[in-house]
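A.B. asks: Structure below; questions to follow.
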Number of protein chains: 2
Amino acid sequence: MPLHNRQYRLAARPVGLPQRSDWTFTEAEVPEPADGEVLVRVLYVSLDPAMRGWMNDAKSYMPPVTLGEVMRAGGVGRVVASRHPQFPVGAHVSGWFGVQEYAIARKGLQRIDPALAPLPTFLGALGMPGMTAYFGLLDVGKPRPGETVVVSGAAGAVGALVGQIAKIHGCRVVGIAGGAAKCAYLVDELGFDAAIDYKHERVSERLAQLCPAGIDVYFDNVGGDILDAALARLALHARVVICGAISQYNSRTGVRGPANYLSLLVNRASMTGMLVMDYADRYAEGAAAMGGWLAAGRLKAREDIVVGLDNFPEALVMLFQGTNNGKLVLEIAPA
Amino acid sequence: MPLHNRQYRLAARPVGLPQRSDWTFTEAEVPEPADGEVLVRVLYVSLDPAMRGWMNDAKSYMPPVTLGEVMRAGGVGRVVASRHPQFPVGAHVSGWFGVQEYAIARKGLQRIDPALAPLPTFLGALGMPGMTAYFGLLDVGKPRPGETVVVSGAAGAVGALVGQIAKIHGCRVVGIAGGAAKCAYLVDELGFDAAIDYKHERVSERLAQLCPAGIDVYFDNVGGDILDAALARLALHARVVICGAISQYNSRTGVRGPANYLSLLVNRASMTGMLVMDYADRYAEGAAAMGGWLAAGRLKAREDIVVGLDNFPEALVMLFQGTNNGKLVLEIAPA
């Protein structure tokens, strides 16, 4: 030190898909940690659909990122300077580090053990997507063995885990994803019972074929037409888990509500929103289960790693274009 | 006997509001009950928003009424001929008698005691609307004392009971209804804490004023804009009960979904559909509670009685125009 810290800051609130012009790429001095703080060299940044929501100036479960602020993001890194006894220099940590090379952190840090899994996995199966899938499916969806579970965004970070956890719990699992390659991956690699390619198949018809007795648990990551198609096929007392709505986040005309919501009445079904942060005091439980399944080979984690901080704007858009394969991670520096 | 039985039969599937031309008014011989059956002189017919749904040729929780069939409806009446030992001549009963003067019934009959309450009340507070309000609010909405409960269609058969039950349970209650007179009735007569006149006030603004800490339980009978306004004001962990969607039943452009459904995610809230039939084995519990509150003067029942079978087509439409005051009942013959 003094080193330079390169950062992406929010320059404008996007309309529709975020563009490079919505960001400023800045350089700043790397700060010194104060008492109780650590300085983290960020190694991997998590790219998540939820980031799009934080870019809007709208009240939500978190305040929006303010204009000029370093973009909020989860990440993993290595402590390079420390004034916090629990996080010595050299320790690996995860936390809210933002889209930058160095971050000062004081709270929300989690120590991680790189011997357990590759670092990017701590942003996927062992990180927020893993906890989201684990608690969202099991606590909110409450699947019972033999039930039919349908998940959208099924090749994404959360969806791929939801389907695999449902299989481990003895359910029949149908994934909805975009493109034949993703669908083949779900069935051939992850063991889903079936997959629907929403880009080339009629989702309603395929759900009717594949779920003749209806859908018991629908885990929704996408909203829009696919949510409506699933609602139309609910079984009696079905549970719909609302985890995200990626099809709607870049809408220029506002969110479209599910026209088939009265299927909840007809089928005495429920639709419940979930946020992973509510389960913070149970992350150890979730991580132990996910880690055990990973170690036993019962669960496969896949990360799609884009190399280079510079590529952040284009990498983020991959999520909304569906061009990522698995959990999308930006590599800032190799581990 | 032979007497004549006048009946309303479904002649056409309505587009939009049902019209007189959607019905045929027929006369038939009054049939004789077979073994295990009773012949009921229908005294009062229940008019309910759900009837509009049964007129569509669509899969739902009940089969549609077929063209040419006597219109399905609940009712109360007196047994005039019986070959069923539990229901002797002279007994008062409720059941699915249809829109006609005489009905043969074999199952689904409930004996009712006219000493307990006026007969129309067995179609309201002590009938399906009462059970819907009781189980929908308490079992699905799960209100806790001190919480804020909002109910739409609040001057209707179900809504007025929901609000009163919520008050009995120690909640703050805001009703949404159409017109100043209905709103005054809710506050002055039924003890609601506040009422919003959706025809003359901005529902979103009024909800923000009246529910500064958000809505804990929203009991929806209407759908549409009012559902969206309520979703936008949910408190953390709110419960939305979907009981009906009267604003959408006559839509010529299909049901509009709630654009603000992602408030379920932001607030980790749930939206659950309910149908009263699921609680059939607990009606005795509900009726005992409702009867006790009625007797104690803690609950007020109000029926709006239209006299004369001939008036059925116009009376039914009153529900969708909101011109009824309280539970709408068609009187076929005086008790």
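Lettering and numbering for the structure tokens are positional, with chains as A, B, ... in the shown order, residues counted from 1 in each chain, and ligands counted from 1 in the shown order.
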What would chain B look like once superposed on chain A, with the fit done by least squares over all C-alpha atoms paired in order? Give it as a compact mmCIF listing (two decimals) with C-alpha atoms, in the first residue's frame.
C.D. replies:
# COMPACT_ATOMS: atom_id res chain seq x y z
CA MET B 1 0.00 0.02 0.02
CA PRO B 2 -0.76 2.54 -1.25
CA LEU B 3 -2.23 0.30 -3.93
CA HIS B 4 -4.92 1.27 -6.35
CA ASN B 5 -8.44 -0.01 -5.96
CA ARG B 6 -10.44 -0.24 -9.15
CA GLN B 7 -14.20 -0.07 -8.66
CA TYR B 8 -17.48 -0.11 -10.55
CA ARG B 9 -19.86 2.59 -9.35
CA LEU B 10 -23.50 3.08 -10.31
CA ALA B 11 -23.67 6.09 -12.63
CA ALA B 12 -27.30 6.00 -13.76
CA ARG B 13 -30.48 4.11 -12.98
CA PRO B 14 -30.96 1.82 -15.95
CA VAL B 15 -34.13 1.64 -17.99
CA GLY B 16 -34.41 -1.92 -19.21
CA LEU B 17 -31.19 -3.91 -19.42
CA PRO B 18 -28.20 -2.29 -17.68
CA GLN B 19 -25.67 -0.86 -20.12
CA ARG B 20 -22.01 -0.03 -19.78
CA SER B 21 -22.99 3.66 -19.65
CA ASP B 22 -24.86 3.00 -16.40
CA TRP B 23 -21.48 2.47 -14.70
CA THR B 24 -18.36 4.48 -13.98
CA PHE B 25 -15.08 2.68 -13.60
CA THR B 26 -13.05 4.54 -10.98
CA GLU B 27 -9.77 4.19 -9.16
CA ALA B 28 -9.15 5.06 -5.54
CA GLU B 29 -6.46 4.60 -2.96
CA VAL B 30 -6.77 1.39 -1.03
CA PRO B 31 -7.86 2.42 2.48
CA GLU B 32 -6.36 1.21 5.75
CA PRO B 33 -8.60 -0.79 8.08
CA ALA B 34 -9.68 0.97 11.28
CA ASP B 35 -9.99 -0.82 14.57
CA GLY B 36 -12.41 -3.75 14.21
CA GLU B 37 -12.09 -3.77 10.42
CA VAL B 38 -10.28 -5.88 7.86
CA LEU B 39 -9.04 -5.08 4.39
CA VAL B 40 -10.05 -7.79 1.92
CA ARG B 41 -8.46 -8.49 -1.45
CA VAL B 42 -11.56 -9.44 -3.41
CA LEU B 43 -10.98 -12.60 -5.45
CA TYR B 44 -14.45 -13.46 -6.81
CA VAL B 45 -17.58 -11.32 -7.11
CA SER B 46 -21.02 -12.92 -7.14
CA LEU B 47 -23.31 -11.81 -9.97
CA ASP B 48 -26.97 -12.24 -9.04
CA PRO B 49 -30.33 -11.29 -10.58
CA ALA B 50 -31.25 -9.43 -7.39
CA MET B 51 -28.56 -6.84 -8.22
CA ARG B 52 -30.87 -5.48 -10.90
CA GLY B 53 -33.45 -4.60 -8.26
CA TRP B 54 -30.92 -2.77 -6.09
CA MET B 55 -30.17 -0.48 -9.05
CA ASN B 56 -33.73 0.89 -9.02
CA ASP B 57 -34.71 3.80 -6.83
CA ALA B 58 -37.45 1.81 -5.11
CA LYS B 59 -38.20 0.73 -1.56
CA SER B 60 -37.47 -2.94 -1.15
CA TYR B 61 -36.00 -5.34 1.38
CA MET B 62 -32.68 -3.45 1.07
CA PRO B 63 -32.09 0.22 0.30
CA PRO B 64 -31.20 0.94 -3.32
CA VAL B 65 -27.58 1.49 -4.30
CA THR B 66 -27.18 5.26 -4.46
CA LEU B 67 -25.80 6.94 -7.55
CA GLY B 68 -22.02 7.18 -7.31
CA GLU B 69 -21.77 4.32 -4.82
CA VAL B 70 -19.66 1.20 -5.47
CA MET B 71 -22.08 -1.44 -6.77
CA ARG B 72 -23.23 -3.80 -4.03
CA ALA B 73 -22.29 -7.45 -4.52
CA GLY B 74 -21.37 -10.49 -2.52
CA GLY B 75 -17.88 -11.86 -2.87
CA VAL B 76 -15.08 -13.97 -1.49
CA GLY B 77 -11.58 -12.77 -0.79
CA ARG B 78 -8.48 -12.97 1.36
CA VAL B 79 -7.72 -10.75 4.33
CA VAL B 80 -4.64 -8.64 3.52
CA ALA B 81 -4.69 -6.30 6.52
CA SER B 82 -6.57 -6.84 9.75
CA ARG B 83 -7.54 -5.06 12.92
CA HIS B 84 -10.14 -7.71 13.76
CA PRO B 85 -8.93 -10.66 15.87
CA GLN B 86 -11.28 -13.21 14.30
CA PHE B 87 -10.10 -12.53 10.75
CA PRO B 88 -6.28 -12.57 10.59
CA VAL B 89 -4.23 -11.77 7.51
CA GLY B 90 -4.40 -14.71 5.11
CA ALA B 91 -7.87 -15.83 6.19
CA HIS B 92 -10.44 -16.42 3.46
CA VAL B 93 -13.77 -14.69 3.97
CA SER B 94 -17.08 -14.07 2.25
CA GLY B 95 -19.14 -10.92 2.63
CA TRP B 96 -20.63 -7.89 0.92
CA PHE B 97 -17.50 -6.56 -0.74
CA GLY B 98 -18.97 -4.83 -3.79
CA VAL B 99 -17.68 -4.74 -7.35
CA GLN B 100 -14.10 -3.68 -6.62
CA GLU B 101 -10.65 -5.08 -5.99
CA TYR B 102 -10.30 -4.21 -2.30
CA ALA B 103 -12.94 -3.79 0.36
CA ILE B 104 -12.99 -2.67 3.96
CA ALA B 105 -15.29 -4.90 5.99
CA ARG B 106 -16.41 -4.72 9.56
CA LYS B 107 -19.55 -6.87 9.82
CA GLY B 108 -21.31 -9.61 7.91
CA LEU B 109 -18.00 -11.42 7.34
CA GLN B 110 -17.97 -15.21 7.22
CA ARG B 111 -14.75 -17.17 7.49
CA ILE B 112 -14.56 -19.86 4.80
CA ASP B 113 -12.29 -22.87 4.48
CA PRO B 114 -10.80 -23.21 0.98
CA ALA B 115 -9.97 -26.84 1.71
CA LEU B 116 -13.68 -27.68 1.65
CA ALA B 117 -14.46 -26.50 -1.86
CA PRO B 118 -13.14 -24.18 -4.59
CA LEU B 119 -13.65 -20.54 -3.60
CA PRO B 120 -16.36 -19.81 -6.22
CA THR B 121 -18.50 -22.57 -4.69
CA PHE B 122 -18.81 -20.38 -1.59
CA LEU B 123 -20.72 -17.96 -3.82
CA GLY B 124 -22.89 -20.80 -5.18
CA ALA B 125 -23.88 -24.05 -3.52
CA LEU B 126 -22.24 -23.07 -0.21
CA GLY B 127 -23.27 -19.42 -0.42
CA MET B 128 -26.44 -17.39 -0.86
CA PRO B 129 -27.81 -19.41 -3.80
CA GLY B 130 -27.31 -22.61 -1.85
CA MET B 131 -29.01 -21.25 1.26
CA THR B 132 -31.81 -19.82 -0.89
CA ALA B 133 -32.43 -23.17 -2.54
CA TYR B 134 -32.17 -25.14 0.69
CA PHE B 135 -34.46 -23.02 2.87
CA GLY B 136 -36.73 -21.86 0.05
CA LEU B 137 -37.48 -25.36 -1.09
CA LEU B 138 -37.54 -27.18 2.23
CA ASP B 139 -38.91 -24.53 4.60
CA VAL B 140 -41.29 -22.71 2.29
CA GLY B 141 -42.09 -25.31 -0.38
CA LYS B 142 -42.29 -28.18 2.11
CA PRO B 143 -42.03 -30.97 -0.49
CA ARG B 144 -42.99 -34.49 0.49
CA PRO B 145 -41.45 -37.60 -1.08
CA GLY B 146 -43.32 -38.58 -4.21
CA GLU B 147 -44.58 -35.10 -4.89
CA THR B 148 -43.96 -33.27 -8.16
CA VAL B 149 -41.66 -30.26 -7.89
CA VAL B 150 -41.30 -27.84 -10.80
CA VAL B 151 -38.57 -25.21 -10.82
CA SER B 152 -38.02 -22.38 -13.29
CA GLY B 153 -34.65 -20.84 -14.02
CA ALA B 154 -33.64 -24.45 -13.47
CA ALA B 155 -30.15 -24.17 -14.90
CA GLY B 156 -29.43 -21.06 -12.85
CA ALA B 157 -27.56 -20.81 -9.59
CA VAL B 158 -30.59 -21.39 -7.37
CA GLY B 159 -32.76 -23.49 -9.69
CA ALA B 160 -30.17 -26.20 -10.32
CA LEU B 161 -29.76 -26.66 -6.57
CA VAL B 162 -33.51 -26.62 -5.89
CA GLY B 163 -34.04 -29.46 -8.34
CA GLN B 164 -31.21 -31.54 -6.93
CA ILE B 165 -32.35 -31.04 -3.33
CA ALA B 166 -35.88 -32.03 -4.36
CA LYS B 167 -34.48 -35.22 -5.92
CA ILE B 168 -32.55 -35.97 -2.74
CA HIS B 169 -35.88 -35.59 -0.91
CA GLY B 170 -37.56 -38.17 -3.11
CA CYS B 171 -39.58 -35.87 -5.36
CA ARG B 172 -40.24 -36.00 -9.07
CA VAL B 173 -38.54 -32.96 -10.54
CA VAL B 174 -39.24 -31.04 -13.72
CA GLY B 175 -36.99 -28.13 -14.61
CA ILE B 176 -37.77 -25.25 -16.96
CA ALA B 177 -34.78 -23.69 -18.70
CA GLY B 178 -33.86 -21.97 -21.94
CA GLY B 179 -32.29 -24.09 -24.65
CA ALA B 180 -31.69 -27.75 -25.39
CA ALA B 181 -28.19 -27.78 -23.91
CA LYS B 182 -29.36 -26.56 -20.52
CA CYS B 183 -32.24 -29.03 -20.56
CA ALA B 184 -29.94 -31.91 -21.40
CA TYR B 185 -27.65 -30.83 -18.57
CA LEU B 186 -30.53 -30.88 -16.07
CA VAL B 187 -31.62 -34.39 -17.03
CA ASP B 188 -28.31 -36.03 -17.94
CA GLU B 189 -25.98 -34.43 -15.41
CA LEU B 190 -28.17 -33.35 -12.51
CA GLY B 191 -30.72 -36.19 -12.58
CA PHE B 192 -33.88 -34.13 -13.10
CA ASP B 193 -36.76 -36.35 -14.25
CA ALA B 194 -37.57 -34.04 -17.14
CA ALA B 195 -36.83 -30.58 -18.47
CA ILE B 196 -38.82 -28.12 -20.55
CA ASP B 197 -37.04 -25.83 -22.99
CA TYR B 198 -39.16 -22.69 -22.76
CA LYS B 199 -37.48 -21.19 -25.80
CA HIS B 200 -38.56 -23.99 -28.10
CA GLU B 201 -41.47 -25.78 -26.39
CA ARG B 202 -44.91 -24.75 -25.21
CA VAL B 203 -44.54 -24.67 -21.44
CA SER B 204 -48.26 -25.14 -20.71
CA GLU B 205 -48.58 -28.20 -22.90
CA ARG B 206 -45.38 -29.75 -21.63
CA LEU B 207 -46.37 -29.16 -17.99
CA ALA B 208 -49.69 -30.86 -18.70
CA GLN B 209 -47.88 -33.87 -20.18
CA LEU B 210 -45.17 -34.06 -17.54
CA CYS B 211 -47.32 -33.29 -14.49
CA PRO B 212 -50.57 -35.19 -15.13
CA ALA B 213 -51.51 -35.01 -11.44
CA GLY B 214 -50.53 -31.36 -11.19
CA ILE B 215 -47.66 -29.50 -9.57
CA ASP B 216 -47.28 -29.84 -5.80
CA VAL B 217 -44.41 -27.39 -5.35
CA TYR B 218 -43.55 -24.70 -7.87
CA PHE B 219 -40.34 -22.80 -7.16
CA ASP B 220 -40.37 -19.64 -9.25
CA ASN B 221 -37.31 -17.67 -10.24
CA VAL B 222 -38.72 -16.06 -13.37
CA GLY B 223 -42.30 -14.71 -13.15
CA GLY B 224 -44.19 -13.79 -16.32
CA ASP B 225 -45.65 -16.36 -18.69
CA ILE B 226 -43.92 -19.28 -17.03
CA LEU B 227 -45.37 -18.45 -13.63
CA ASP B 228 -48.81 -18.25 -15.23
CA ALA B 229 -48.34 -21.59 -16.95
CA ALA B 230 -47.33 -23.22 -13.67
CA LEU B 231 -50.23 -21.66 -11.76
CA ALA B 232 -52.63 -23.16 -14.30
CA ARG B 233 -51.31 -26.66 -13.47
CA LEU B 234 -51.27 -26.55 -9.66
CA ALA B 235 -52.37 -29.58 -7.71
CA LEU B 236 -54.69 -29.25 -4.74
CA HIS B 237 -52.91 -27.59 -1.79
CA ALA B 238 -49.87 -26.73 -3.91
CA ARG B 239 -47.17 -24.43 -2.58
CA VAL B 240 -45.68 -21.77 -4.85
CA VAL B 241 -42.37 -20.31 -3.68
CA ILE B 242 -41.65 -16.83 -5.05
CA CYS B 243 -37.87 -16.51 -5.06
CA GLY B 244 -37.40 -14.15 -7.99
CA ALA B 245 -38.85 -12.85 -11.23
CA ILE B 246 -35.94 -12.45 -13.60
CA SER B 247 -38.22 -12.07 -16.64
CA GLN B 248 -39.65 -8.89 -15.12
CA TYR B 249 -36.61 -7.10 -13.69
CA ASN B 250 -35.74 -5.25 -16.88
CA SER B 251 -39.32 -4.57 -17.97
CA ARG B 252 -39.91 -1.08 -19.27
CA THR B 253 -43.64 -1.38 -18.77
CA GLY B 254 -43.75 -2.50 -15.15
CA VAL B 255 -44.18 -5.94 -13.64
CA ARG B 256 -46.94 -8.08 -15.11
CA GLY B 257 -48.96 -9.85 -12.45
CA PRO B 258 -49.89 -13.52 -12.70
CA ALA B 259 -53.30 -13.59 -14.42
CA ASN B 260 -53.85 -17.16 -13.20
CA TYR B 261 -53.53 -16.26 -9.52
CA LEU B 262 -57.10 -17.43 -8.88
CA SER B 263 -55.75 -20.94 -9.31
CA LEU B 264 -54.64 -20.40 -5.71
CA LEU B 265 -58.31 -20.25 -4.77
CA VAL B 266 -59.48 -23.11 -6.97
CA ASN B 267 -56.71 -25.34 -5.62
CA ARG B 268 -56.51 -23.93 -2.08
CA ALA B 269 -52.87 -23.28 -2.78
CA SER B 270 -50.42 -20.78 -1.39
CA MET B 271 -47.84 -18.45 -2.90
CA THR B 272 -45.14 -17.30 -0.52
CA GLY B 273 -42.20 -14.99 -0.96
CA MET B 274 -38.82 -15.83 0.55
CA LEU B 275 -35.58 -14.00 1.18
CA VAL B 276 -32.50 -15.87 2.22
CA MET B 277 -31.43 -13.28 4.80
CA ASP B 278 -34.29 -14.40 7.04
CA TYR B 279 -32.47 -17.70 7.53
CA ALA B 280 -29.12 -16.20 8.59
CA ASP B 281 -29.25 -17.88 11.98
CA ARG B 282 -29.68 -21.26 10.27
CA TYR B 283 -26.97 -20.94 7.59
CA ALA B 284 -24.77 -23.39 9.50
CA GLU B 285 -27.51 -26.01 9.21
CA GLY B 286 -27.94 -25.35 5.49
CA ALA B 287 -24.24 -25.24 4.77
CA ALA B 288 -23.65 -28.51 6.63
CA ALA B 289 -26.34 -30.25 4.60
CA MET B 290 -25.18 -28.80 1.28
CA GLY B 291 -21.54 -29.53 2.10
CA GLY B 292 -22.37 -33.10 3.00
CA TRP B 293 -24.27 -33.68 -0.23
CA LEU B 294 -21.46 -32.09 -2.25
CA ALA B 295 -18.87 -34.27 -0.54
CA ALA B 296 -20.97 -37.37 -1.09
CA GLY B 297 -21.38 -36.56 -4.78
CA ARG B 298 -25.15 -36.26 -4.41
CA LEU B 299 -25.15 -32.61 -5.38
CA LYS B 300 -23.27 -30.99 -8.24
CA ALA B 301 -22.18 -27.38 -8.15
CA ARG B 302 -21.36 -25.57 -11.33
CA GLU B 303 -20.00 -22.08 -11.64
CA ASP B 304 -19.63 -20.05 -14.81
CA ILE B 305 -16.59 -17.87 -14.26
CA VAL B 306 -15.97 -14.69 -16.24
CA VAL B 307 -12.42 -13.45 -15.77
CA GLY B 308 -11.57 -9.80 -15.22
CA LEU B 309 -13.16 -6.96 -13.29
CA ASP B 310 -13.33 -4.93 -16.53
CA ASN B 311 -15.93 -7.33 -17.86
CA PHE B 312 -18.43 -6.68 -15.09
CA PRO B 313 -21.06 -4.74 -17.14
CA GLU B 314 -21.31 -7.37 -19.86
CA ALA B 315 -21.08 -10.27 -17.42
CA LEU B 316 -24.03 -8.97 -15.39
CA VAL B 317 -26.22 -8.85 -18.48
CA MET B 318 -25.52 -12.54 -19.18
CA LEU B 319 -27.91 -13.35 -16.31
CA PHE B 320 -30.82 -11.65 -18.05
CA GLN B 321 -29.95 -13.09 -21.43
CA GLY B 322 -29.63 -16.55 -19.94
CA THR B 323 -26.19 -17.09 -21.48
CA ASN B 324 -24.54 -18.20 -18.23
CA ASN B 325 -24.26 -21.87 -17.37
CA GLY B 326 -24.57 -22.27 -13.62
CA LYS B 327 -23.73 -19.78 -10.92
CA LEU B 328 -22.23 -16.68 -12.53
CA VAL B 329 -19.04 -15.43 -10.87
CA LEU B 330 -16.64 -12.67 -11.84
CA GLU B 331 -13.01 -13.52 -11.13
CA ILE B 332 -11.10 -10.45 -9.95
CA ALA B 333 -7.89 -12.24 -9.10
CA PRO B 334 -7.09 -15.94 -9.16
CA ALA B 335 -7.25 -17.70 -5.79
A.B. asks: Enumerate the residues of region 185-221 of chain B with a DSSP assignment of alpha helix (DSSP H), computed from the backbone, and present them as a ChimeraX atom specification.
C.D. replies: /B:203-210
A.B. asks: Output N, CA and C atoms for every residue in that selection, as a CSV table (one decimal), in the first residue's frame.
C.D. replies:
chain,number,residue,atom,x,y,z
B,203,VAL,N,-57.5,4.5,-2.9
B,203,VAL,CA,-57.3,3.4,-2.0
B,203,VAL,C,-55.9,3.3,-1.5
B,204,SER,N,-54.9,3.5,-2.4
B,204,SER,CA,-53.5,3.4,-2.0
B,204,SER,C,-53.2,4.5,-1.0
B,205,GLU,N,-53.6,5.7,-1.2
B,205,GLU,CA,-53.3,6.8,-0.3
B,205,GLU,C,-53.9,6.6,1.1
B,206,ARG,N,-55.2,6.1,1.0
B,206,ARG,CA,-55.9,5.9,2.3
B,206,ARG,C,-55.3,4.7,3.1
B,207,LEU,N,-54.9,3.7,2.4
B,207,LEU,CA,-54.3,2.6,3.1
B,207,LEU,C,-53.0,3.0,3.7
B,208,ALA,N,-52.2,3.9,3.0
B,208,ALA,CA,-51.0,4.4,3.6
B,208,ALA,C,-51.3,5.2,4.9
B,209,GLN,N,-52.3,6.0,4.9
B,209,GLN,CA,-52.7,6.8,6.0
B,209,GLN,C,-53.2,5.9,7.2
B,210,LEU,N,-54.0,5.0,6.8
B,210,LEU,CA,-54.7,4.2,7.9
B,210,LEU,C,-53.9,3.0,8.4
A.B. asks: Quick check for you: according to DSSP on this backbone, which residues of region 41-214 of chain B are classed as strand (DSSP E)? Reply as JSON, numbers by chain.
C.D. replies: {"B": [41, 42, 43, 44, 45, 46, 74, 75, 76, 77, 78, 79, 80, 81, 82, 92, 93, 94, 95, 96, 102, 103, 104, 105, 110, 111, 112, 148, 149, 150, 151, 152, 172, 173, 174, 175, 176, 177, 194, 195, 196, 197]}
